[in-house]
file data.cif (mmCIF, C-alpha atoms)
data_entry
#
loop_
_atom_site.label_atom_id
_atom_site.label_comp_id
_atom_site.auth_asym_id
_atom_site.auth_seq_id
_atom_site.Cartn_x
_atom_site.Cartn_y
_atom_site.Cartn_z
CA MET A 30 0.00 0.00 0.00
CA ASN A 31 1.33 3.39 -0.93
CA ARG A 32 0.21 6.69 0.40
CA LEU A 33 0.02 9.46 -2.13
CA ALA A 34 0.58 12.99 -0.96
CA ALA A 35 1.32 15.27 -3.82
CA ALA A 36 3.67 13.51 -6.05
CA GLN A 37 3.90 10.93 -8.71
CA VAL A 38 4.17 7.58 -7.06
CA ASP A 39 5.87 4.46 -8.15
CA THR A 40 3.42 1.71 -7.23
CA GLY A 41 6.02 -0.95 -7.71
CA LEU A 42 3.50 -2.98 -9.66
CA ALA A 43 3.48 -3.92 -13.30
CA ARG A 44 1.43 -1.92 -15.73
CA GLY A 45 -2.02 -3.42 -16.11
CA HIS A 46 -2.08 -4.75 -12.56
CA PRO A 47 -5.56 -4.25 -11.07
CA MET A 48 -5.67 -1.51 -8.48
CA LEU A 49 -8.15 0.38 -6.42
CA LEU A 50 -8.11 3.84 -4.97
CA SER A 51 -9.50 4.67 -1.60
CA VAL A 52 -9.81 7.89 0.29
CA ALA A 53 -8.33 7.79 3.75
CA PRO A 54 -11.24 8.97 5.88
CA THR A 55 -9.11 10.01 8.84
CA GLU A 56 -6.81 12.32 6.92
CA ASP A 57 -7.18 16.06 6.77
CA THR A 58 -9.13 16.63 3.63
CA THR A 59 -9.74 20.34 3.99
CA ARG A 60 -7.63 20.98 0.97
CA GLY A 61 -9.85 18.69 -1.02
CA TRP A 62 -11.11 19.12 -4.53
CA PRO A 63 -11.71 21.52 -6.20
CA ASN A 64 -9.41 23.88 -4.33
CA VAL A 65 -6.53 21.57 -3.90
CA PRO A 66 -3.43 23.35 -5.16
CA LEU A 67 -1.61 20.18 -6.03
CA HIS A 68 -2.69 17.66 -8.54
CA PRO A 69 -0.50 14.63 -8.24
CA TYR A 70 -0.28 12.54 -11.33
CA VAL A 71 -0.39 8.85 -10.83
CA ASP A 72 0.57 6.27 -13.33
CA TRP A 73 -2.72 4.47 -13.61
CA PRO A 74 -2.94 0.89 -14.74
CA ASP A 75 -5.62 -0.18 -17.12
CA VAL A 76 -8.56 0.24 -14.85
CA PRO A 77 -11.49 1.85 -16.59
CA LEU A 78 -12.22 4.41 -13.91
CA HIS A 79 -13.18 7.68 -15.44
CA THR A 80 -15.80 9.09 -13.21
CA TYR A 81 -16.14 11.67 -10.53
CA VAL A 82 -17.09 10.13 -7.24
CA ASP A 83 -18.51 12.11 -4.40
CA TRP A 84 -17.42 11.07 -0.99
CA GLY A 85 -18.60 13.08 1.95
CA SER A 86 -20.14 16.48 1.70
CA LYS A 87 -17.41 18.53 0.10
CA THR A 88 -14.80 15.99 -0.56
CA GLY A 89 -14.19 13.78 -3.47
CA TYR A 90 -11.75 13.14 -6.20
CA ARG A 91 -11.82 13.24 -9.92
CA ILE A 92 -10.26 10.56 -11.97
CA LEU A 93 -9.62 11.80 -15.44
CA GLY A 94 -7.54 8.92 -16.55
CA GLY A 95 -8.34 5.30 -17.04
CA THR A 96 -8.72 3.66 -20.39
CA PRO A 97 -7.44 4.80 -22.82
CA SER A 98 -5.47 7.44 -20.91
CA PRO A 99 -3.03 5.96 -18.43
CA TRP A 100 -3.17 8.98 -16.16
CA ALA A 101 -5.30 9.75 -13.17
CA VAL A 102 -5.53 13.25 -11.83
CA LEU A 103 -6.30 13.06 -8.17
CA GLY A 104 -8.05 16.00 -6.65
CA ARG A 105 -7.33 15.13 -3.08
CA PRO A 106 -4.07 15.32 -1.26
CA PHE A 107 -4.39 12.07 0.61
CA VAL A 108 -5.49 8.85 -0.92
CA HIS A 109 -4.43 5.29 -0.68
CA LEU A 110 -3.46 3.32 -3.70
CA MET A 111 -3.86 -0.37 -3.18
CA ASP A 112 -3.09 -3.62 -4.77
CA ALA A 113 -6.41 -5.20 -5.73
CA ALA A 114 -5.06 -8.45 -7.04
CA PRO A 115 -6.86 -11.47 -5.58
CA ALA A 116 -3.63 -12.70 -4.01
CA ALA A 117 -2.95 -9.46 -2.17
CA GLN A 118 -2.85 -9.86 1.58
CA ALA A 119 -3.06 -6.21 2.50
CA THR A 120 -5.77 -4.89 4.73
CA TYR A 121 -8.00 -2.29 3.20
CA PRO A 122 -9.06 0.79 5.11
CA GLY A 123 -11.68 2.98 3.55
CA THR A 124 -13.73 0.09 2.21
CA ASP A 125 -16.75 2.30 1.65
CA ALA A 126 -14.87 4.37 -0.89
CA MET A 127 -13.49 1.25 -2.47
CA LEU A 128 -16.96 -0.22 -2.83
CA ILE A 129 -18.09 2.95 -4.55
CA LEU A 130 -15.11 2.94 -6.86
CA ALA A 131 -15.49 -0.68 -7.79
CA ALA A 132 -19.22 -0.21 -8.38
CA GLU A 133 -18.84 2.93 -10.45
CA SER A 134 -16.25 1.27 -12.63
CA GLY A 135 -18.41 -1.82 -13.08
CA ASN A 136 -15.64 -3.95 -11.63
CA GLU A 137 -17.64 -6.85 -10.22
CA ALA A 138 -14.59 -8.87 -9.17
CA ALA A 139 -13.11 -5.96 -7.22
CA PHE A 140 -16.46 -5.21 -5.64
CA VAL A 141 -16.91 -8.77 -4.43
CA GLN A 142 -13.37 -8.79 -3.12
CA VAL A 143 -13.81 -5.59 -1.12
CA ALA A 144 -17.21 -6.67 0.17
CA ALA A 145 -15.72 -9.90 1.46
CA LYS A 146 -13.49 -7.91 3.81
CA ILE A 147 -16.36 -6.10 5.49
CA ASP A 148 -17.78 -7.33 8.77
CA TRP A 149 -21.42 -7.08 7.78
CA SER A 150 -22.62 -8.15 11.22
CA GLN A 151 -21.62 -4.69 12.43
CA CYS A 152 -23.41 -2.80 9.68
CA ALA A 153 -26.58 -0.78 10.03
CA PRO A 154 -29.62 -1.25 7.76
CA ILE A 155 -28.69 1.82 5.73
CA ASP A 156 -25.27 0.30 5.04
CA PHE A 157 -26.93 -2.80 3.61
CA VAL A 158 -29.35 -0.76 1.53
CA ARG A 159 -26.49 1.28 0.10
CA ALA A 160 -24.35 -1.80 -0.48
CA VAL A 161 -27.15 -3.59 -2.32
CA GLY A 162 -27.48 -0.59 -4.64
CA LEU A 163 -23.74 -0.51 -5.20
CA ALA A 164 -23.64 -4.26 -5.84
CA LEU A 165 -26.30 -3.85 -8.51
CA THR A 166 -24.28 -1.01 -10.03
CA ALA A 167 -21.22 -3.22 -10.04
CA GLY A 168 -23.14 -6.01 -11.76
CA ALA A 169 -22.68 -8.23 -8.70
CA HIS A 170 -26.26 -9.44 -8.81
CA LEU A 171 -25.80 -12.53 -6.67
CA LEU A 172 -24.00 -10.52 -4.00
CA ALA A 173 -26.79 -7.95 -4.08
CA ARG A 174 -29.26 -10.75 -3.39
CA ASN A 175 -27.13 -12.17 -0.59
CA LEU A 176 -26.58 -8.76 1.03
CA ALA A 177 -30.30 -8.04 0.97
CA SER A 178 -30.99 -11.43 2.51
CA GLU A 179 -28.31 -11.07 5.17
CA GLY A 180 -29.40 -7.51 5.96
CA THR A 181 -32.97 -8.68 6.43
CA ARG A 182 -31.81 -11.50 8.67
CA LEU A 183 -29.95 -9.05 10.89
CA HIS A 184 -32.47 -6.23 10.70
CA SER A 185 -35.79 -7.94 10.15
CA ASP A 186 -37.80 -4.84 11.02
CA ASP A 187 -36.31 -2.68 8.28
CA GLN A 188 -38.96 -2.26 5.58
CA GLN A 189 -36.61 -1.17 2.80
CA LEU A 190 -34.33 -4.13 3.34
CA ARG A 191 -37.27 -6.51 3.47
CA LYS A 192 -38.52 -5.19 0.15
CA MET A 193 -35.07 -5.54 -1.39
CA ALA A 194 -34.76 -9.09 -0.14
CA ARG A 195 -38.19 -9.99 -1.49
CA VAL A 196 -37.56 -8.53 -4.94
CA LEU A 197 -34.05 -9.97 -5.28
CA ALA A 198 -34.78 -13.40 -3.79
CA PRO A 199 -34.12 -16.51 -5.89
CA PRO A 200 -36.99 -17.51 -8.17
CA GLN A 201 -39.64 -19.39 -6.32
CA LEU A 202 -41.80 -22.09 -7.84
CA LEU A 203 -45.45 -21.24 -7.25
CA ASN A 204 -47.40 -23.77 -9.24
CA ALA A 205 -46.34 -26.76 -11.25
CA ASP A 206 -49.61 -28.32 -12.30
CA ILE A 207 -51.37 -25.76 -14.45
CA THR A 208 -53.33 -27.28 -17.32
CA PRO A 209 -51.87 -26.86 -20.82
CA THR A 210 -53.31 -24.61 -23.48
CA GLY A 211 -53.90 -25.26 -27.12
CA SER A 212 -53.50 -21.65 -28.21
CA VAL A 213 -49.72 -21.38 -28.40
CA ARG A 214 -49.26 -23.02 -31.78
CA PRO A 215 -52.16 -21.29 -33.59
CA ASN A 216 -50.88 -17.91 -32.40
CA GLN A 217 -47.35 -18.70 -33.51
CA THR A 218 -48.65 -19.85 -36.89
CA TRP A 219 -50.48 -16.56 -37.30
CA LEU A 220 -47.33 -14.63 -36.40
CA ARG A 221 -45.25 -16.66 -38.84
CA ASP A 222 -47.75 -16.22 -41.68
CA ASN A 223 -48.93 -12.67 -41.10
CA GLY A 224 -46.36 -11.02 -38.84
CA GLY A 225 -44.60 -9.29 -41.72
CA GLN A 226 -47.57 -6.99 -42.24
CA TYR A 227 -47.55 -5.89 -38.61
CA GLU A 228 -43.84 -5.66 -37.86
CA GLY A 229 -43.13 -3.26 -35.01
CA GLN A 230 -46.77 -3.15 -33.94
CA TRP A 231 -48.51 -4.75 -30.99
CA VAL A 232 -51.14 -7.36 -31.72
CA ALA A 233 -53.70 -9.24 -29.65
CA LEU A 234 -54.36 -12.81 -30.77
CA ARG A 235 -56.73 -15.52 -29.63
CA GLN A 236 -56.47 -19.05 -31.00
CA GLY A 237 -54.67 -17.80 -34.08
CA THR A 238 -57.12 -15.00 -34.79
CA LEU A 239 -56.17 -11.34 -34.82
CA LEU A 240 -58.31 -9.30 -32.43
CA ALA A 241 -56.58 -5.94 -32.53
CA ALA A 242 -53.38 -4.24 -33.64
CA GLY A 243 -51.86 -0.91 -32.72
CA ARG A 244 -48.79 1.14 -31.86
CA THR A 245 -48.75 0.45 -28.12
CA ALA A 246 -49.63 -2.46 -25.89
CA ARG A 247 -51.97 -0.30 -23.83
CA GLU A 248 -53.86 0.86 -26.89
CA VAL A 249 -54.40 -2.70 -28.10
CA TRP A 250 -55.30 -4.02 -24.64
CA ASP A 251 -57.86 -1.29 -24.07
CA ARG A 252 -59.58 -2.15 -27.33
CA LEU A 253 -60.33 -5.73 -26.28
CA GLN A 254 -63.82 -6.64 -25.14
CA SER A 255 -62.41 -9.57 -23.21
CA THR A 256 -58.78 -10.39 -22.36
CA GLU A 257 -59.54 -14.06 -21.68
CA GLY A 258 -57.18 -16.33 -23.63
CA VAL A 259 -55.49 -13.39 -25.35
CA MET A 260 -51.82 -13.20 -26.27
CA LEU A 261 -50.51 -9.64 -26.38
CA THR A 262 -47.22 -9.32 -28.19
CA LYS A 263 -45.06 -7.04 -30.20
CA VAL A 264 -44.51 -8.37 -33.72
CA PHE A 265 -40.83 -9.01 -34.50
CA MET B 22 -43.06 -36.72 -25.47
CA LEU B 23 -41.65 -35.18 -22.30
CA LEU B 24 -38.08 -35.82 -21.22
CA ARG B 25 -37.22 -38.26 -18.43
CA PHE B 26 -34.20 -39.24 -16.40
CA GLU B 27 -32.81 -42.78 -16.42
CA ASP B 28 -34.90 -43.65 -13.36
CA ASP B 29 -37.99 -42.53 -15.27
CA SER B 30 -38.48 -39.43 -13.13
CA PRO B 31 -39.44 -36.43 -15.26
CA PHE B 32 -36.84 -33.91 -16.40
CA ALA B 33 -39.53 -31.72 -17.84
CA GLN B 34 -43.17 -31.42 -16.93
CA GLY B 35 -44.23 -29.31 -19.86
CA ALA B 36 -43.30 -28.39 -23.40
CA CYS B 37 -44.30 -25.73 -25.85
CA PRO B 38 -43.37 -24.81 -29.42
CA TYR B 39 -41.13 -21.79 -29.86
CA LEU B 40 -40.42 -19.38 -32.67
CA HIS B 41 -36.86 -19.14 -33.95
CA GLN B 42 -36.29 -15.75 -35.49
CA PRO B 43 -34.54 -12.38 -35.10
CA VAL B 44 -36.26 -9.99 -32.71
CA THR B 45 -35.14 -6.64 -34.07
CA ALA B 46 -35.06 -5.32 -37.60
CA GLU B 47 -31.33 -4.69 -37.34
CA GLU B 48 -30.25 -8.23 -36.49
CA THR B 49 -30.14 -11.50 -38.36
CA THR B 50 -29.39 -13.87 -35.48
CA ASN B 51 -32.30 -16.12 -34.57
CA ARG B 52 -33.54 -16.10 -30.97
CA ILE B 53 -35.74 -18.53 -29.08
CA LEU B 54 -39.13 -16.90 -28.53
CA VAL B 55 -41.36 -18.73 -26.08
CA THR B 56 -44.87 -18.00 -24.92
CA VAL B 57 -45.16 -16.98 -21.28
CA LYS B 58 -47.64 -15.26 -19.05
CA ILE B 59 -46.39 -12.34 -16.99
CA GLU B 60 -48.77 -11.71 -14.11
CA GLY B 61 -51.41 -13.43 -16.22
CA VAL B 62 -50.82 -11.49 -19.43
CA GLU B 63 -49.74 -13.88 -22.18
CA THR B 64 -46.91 -12.65 -24.37
CA GLN B 65 -43.67 -13.73 -26.01
CA ALA B 66 -40.20 -13.61 -24.47
CA VAL B 67 -36.68 -14.39 -25.61
CA VAL B 68 -34.74 -17.04 -23.70
CA ASP B 69 -31.52 -15.26 -22.75
CA THR B 70 -29.29 -17.51 -20.67
CA GLY B 71 -26.56 -14.87 -20.64
CA GLY B 72 -28.85 -12.22 -19.21
CA VAL B 73 -30.13 -11.44 -15.74
CA TRP B 74 -33.70 -11.28 -14.49
CA LEU B 75 -36.87 -11.08 -16.49
CA VAL B 76 -36.54 -7.89 -18.52
CA CYS B 77 -40.16 -6.95 -18.98
CA ASP B 78 -41.16 -4.90 -22.00
CA PRO B 79 -42.44 -1.55 -20.64
CA GLY B 80 -45.52 -2.02 -22.85
CA ILE B 81 -46.48 -5.13 -20.89
CA ALA B 82 -45.59 -3.42 -17.61
CA GLU B 83 -47.94 -0.58 -18.50
CA VAL B 84 -50.78 -3.04 -19.06
CA LEU B 85 -49.99 -4.67 -15.70
CA GLU B 86 -50.19 -1.27 -13.98
CA LEU B 87 -47.35 -2.11 -11.63
CA ASP B 88 -47.19 -0.07 -8.46
CA PRO B 89 -43.79 1.66 -8.16
CA GLU B 90 -44.15 1.31 -4.39
CA ASP B 91 -43.82 -2.46 -4.79
CA GLY B 92 -40.52 -2.18 -6.65
CA ILE B 93 -37.04 -1.02 -5.78
CA GLU B 94 -34.81 1.47 -7.50
CA CYS B 95 -32.22 -0.12 -9.73
CA PRO B 96 -29.07 1.38 -11.21
CA PRO B 97 -29.11 1.42 -15.03
CA LEU B 98 -28.83 -2.08 -16.47
CA GLN B 99 -26.54 -2.81 -19.39
CA ILE B 100 -28.73 -4.14 -22.17
CA ARG B 101 -27.10 -4.66 -25.54
CA GLY B 102 -24.52 -1.97 -24.87
CA ASP B 103 -26.93 0.64 -23.54
CA ARG B 104 -27.35 1.68 -19.94
CA VAL B 105 -31.09 1.40 -19.38
CA PRO B 106 -32.73 2.99 -16.30
CA GLY B 107 -35.56 1.12 -14.64
CA MET B 108 -36.97 -0.52 -11.54
CA LEU B 109 -36.94 -4.02 -10.13
CA HIS B 110 -40.18 -5.82 -9.29
CA ARG B 111 -41.21 -9.28 -8.16
CA LEU B 112 -43.40 -10.81 -10.87
CA ARG B 113 -45.05 -14.13 -11.63
CA VAL B 114 -44.04 -15.85 -14.85
CA THR B 115 -45.89 -18.83 -16.27
CA PHE B 116 -44.30 -21.07 -18.87
CA VAL B 117 -47.27 -22.01 -21.00
CA ALA B 118 -47.40 -25.69 -21.91
CA GLU B 119 -48.93 -27.13 -25.03
CA GLU B 120 -48.03 -30.60 -23.79
CA GLY B 121 -47.82 -31.65 -20.14
CA GLU B 122 -48.38 -28.97 -17.52
CA SER B 123 -47.60 -25.29 -17.36
CA LEU B 124 -45.23 -24.02 -14.68
CA GLN B 125 -45.44 -20.83 -12.72
CA LEU B 126 -42.66 -19.15 -10.79
CA GLN B 127 -42.04 -15.83 -9.15
CA GLY B 128 -38.82 -14.05 -10.00
CA THR B 129 -37.02 -10.74 -10.24
CA ALA B 130 -38.08 -8.51 -13.09
CA PHE B 131 -36.37 -5.43 -14.45
CA VAL B 132 -38.83 -2.96 -15.91
CA PRO B 133 -37.13 -0.38 -18.13
CA GLU B 134 -38.21 3.19 -17.63
CA SER B 135 -40.93 3.92 -20.12
CA ASP B 136 -40.30 6.72 -22.60
CA PRO B 137 -43.68 8.04 -23.79
CA HIS B 138 -42.10 9.30 -27.01
CA GLN B 139 -40.35 6.11 -27.91
CA THR B 140 -41.31 2.46 -28.19
CA TRP B 141 -39.09 -0.02 -26.37
CA PRO B 142 -37.12 -1.48 -29.29
CA LEU B 143 -36.40 -4.87 -27.73
CA PRO B 144 -38.45 -7.88 -26.66
CA THR B 145 -39.05 -9.21 -23.18
CA PHE B 146 -36.07 -11.31 -22.05
CA LEU B 147 -35.99 -14.32 -19.74
CA GLY B 148 -32.57 -14.01 -18.12
CA PHE B 149 -30.92 -16.76 -16.15
CA HIS B 150 -30.09 -15.12 -12.81
CA GLY B 151 -33.31 -14.32 -11.01
CA CYS B 152 -35.61 -16.04 -13.51
CA LEU B 153 -34.54 -19.23 -15.28
CA GLU B 154 -32.10 -20.35 -12.60
CA ARG B 155 -34.58 -22.52 -10.74
CA ILE B 156 -36.05 -24.44 -13.65
CA ARG B 157 -34.76 -27.19 -15.87
CA PHE B 158 -35.07 -26.46 -19.53
CA ALA B 159 -34.07 -27.95 -22.84
CA VAL B 160 -34.54 -27.20 -26.50
CA ASN B 161 -35.16 -29.52 -29.42
CA PRO B 162 -34.18 -27.59 -32.56
CA SER B 163 -35.59 -30.33 -34.80
CA THR B 164 -39.12 -29.87 -33.56
CA GLN B 165 -38.68 -26.35 -32.18
CA MET B 166 -39.96 -27.43 -28.79
CA PHE B 167 -38.96 -25.88 -25.48
CA TYR B 168 -39.09 -28.23 -22.48
CA PHE B 169 -39.31 -27.03 -18.90
CA GLY B 170 -39.70 -28.36 -15.39
CA PRO B 171 -38.97 -27.35 -11.81
CA ALA B 172 -35.45 -27.95 -10.51
CA ASN B 173 -35.23 -29.94 -7.32
CA GLU B 174 -34.37 -27.78 -4.34
CA ALA B 175 -31.31 -29.94 -3.74
CA GLU B 176 -29.94 -29.36 -7.22
#

call {"tool": "encode", "arguments": {"input": "data.cif", "output": "structure tokens"}}
result
Amino acid sequence: MNRLAAAQVDTGLARGHPMLLSVAPTEDTTRGWPNVPLHPYVDWPDVPLHTYVDWGSKTGYRILGGTPSPWAVLGRPFVHLMDAAPAAQATYPGTDAMLILAAESGNEAAFVQVAAKIDWSQCAPIDFVRAVGLALTAGAHLLARNLASEGTRLHSDDQQLRKMARVLAPPQLLNADITPTGSVRPNQTWLRDNGGQYEGQWVALRQGTLLAAGRTAREVWDRLQSTEGVMLTKVF
Amino acid sequence: MLLRFEDDSPFAQGACPYLHQPVTAEETTNRILVTVKIEGVETQAVVDTGGVWLVCDPGIAEVLELDPEDGIECPPLQIRGDRVPGMLHRLRVTFVAEEGESLQLQGTAFVPESDPHQTWPLPTFLGFHGCLERIRFAVNPSTQMFYFGPANEAE
């Protein structure tokens, strides 16, 4: 782990090595962006971070580099630059900032790695809610589900967490003995034979018979006298 | 005929024919379009094993009159290279059988934000994570049949 003050830093790692940045929350950040007089330039490996991330009320840092530019312009005087390789044994302070960074860069692997270092049993409901959102941003969908579930287990009275856990839960089988229908094939035959004339439109079909067609699903649906046995579909 | 394991237990409980065709005017790759019911509204959806969740066409969502209070905010989802804003809901999906029995599950659905000035250009997708992950399914390209059945909890 290297601390950056206001200078170019040799990370000691090969170019292309995965890395993460984290703000040190205990440092004096009063000279933070945008008034920081010094803009240290850091040789930035090929991590596609190119976003401005807010952290705290007035603090934050701007990363102008990333792919394809190898440079990052850091707008804060004190940050930590860390090895994010799976084999790294370092401890990671500032995990909140690292979660945000990993999420904003869509780096699912880094996000999962950082999240694994957090003691979630000590986290408040709001931490779980925020982490679920960040996990979804990172594309870590399974972790988002697990965090929502774990958060609900620990904080069962939190309504927002309960809703998240319900929506993100694994698919649940409801009914496995519903009688079959004979309308699928006639409708598909109609679409195969006549779809070309209605491409891009919505149609309502029943047993292979066109009931209505229109520009929107709502428009077609509202025109039906009965929706029983109707297939509503866009024509491709 | 429905599929069975060696011990004669069923792999699939239902089967339905599917369409095999492109789903946008710009593409030529054929997709598997199956008939499903989303909260009771029968429609077509593309089997997308590389995708996540049920991505519900906003046109269908509008017909369903989903309550935003029942959903959760979701960061934009990457769909075919675009970052699409939307919400996540919990919806019932029924795989409609022509042979055997239909199967209904409840899964996670992403509903893209509806743009009143623009029609959603894509179909409804059945993604793996959050939707297909708890069912067995198989495809017979010769007969264009899609087979489905519930996965055992232990699997």

call {"tool": "interface_residues", "arguments": {"input": "data.cif", "of": "chain A", "to": "chain B", "cutoff": "9 Å", "atoms": "all atoms listed in the file", "output": "PyMOL selection string"}}
result
chain A and resi 162-163+165-166+168+170-171+189+192-193+195-214+217+221+228-229+244-247+250-251+256+258-265

call {"tool": "atom_distance", "arguments": {"input": "data.cif", "atom1": "CA of Leu130 in chain A", "atom2": "CA of Ala144 in chain A"}}
result
12.1 Å

call {"tool": "atom_distance", "arguments": {"input": "data.cif", "atom1": "CA of Arg52 in chain B", "atom2": "CA of Met22 in chain B"}}
result
23.4 Å

call {"tool": "atom_distance", "arguments": {"input": "data.cif", "atom1": "CA of Val232 in chain A", "atom2": "CA of Pro89 in chain B"}}
result
26.3 Å
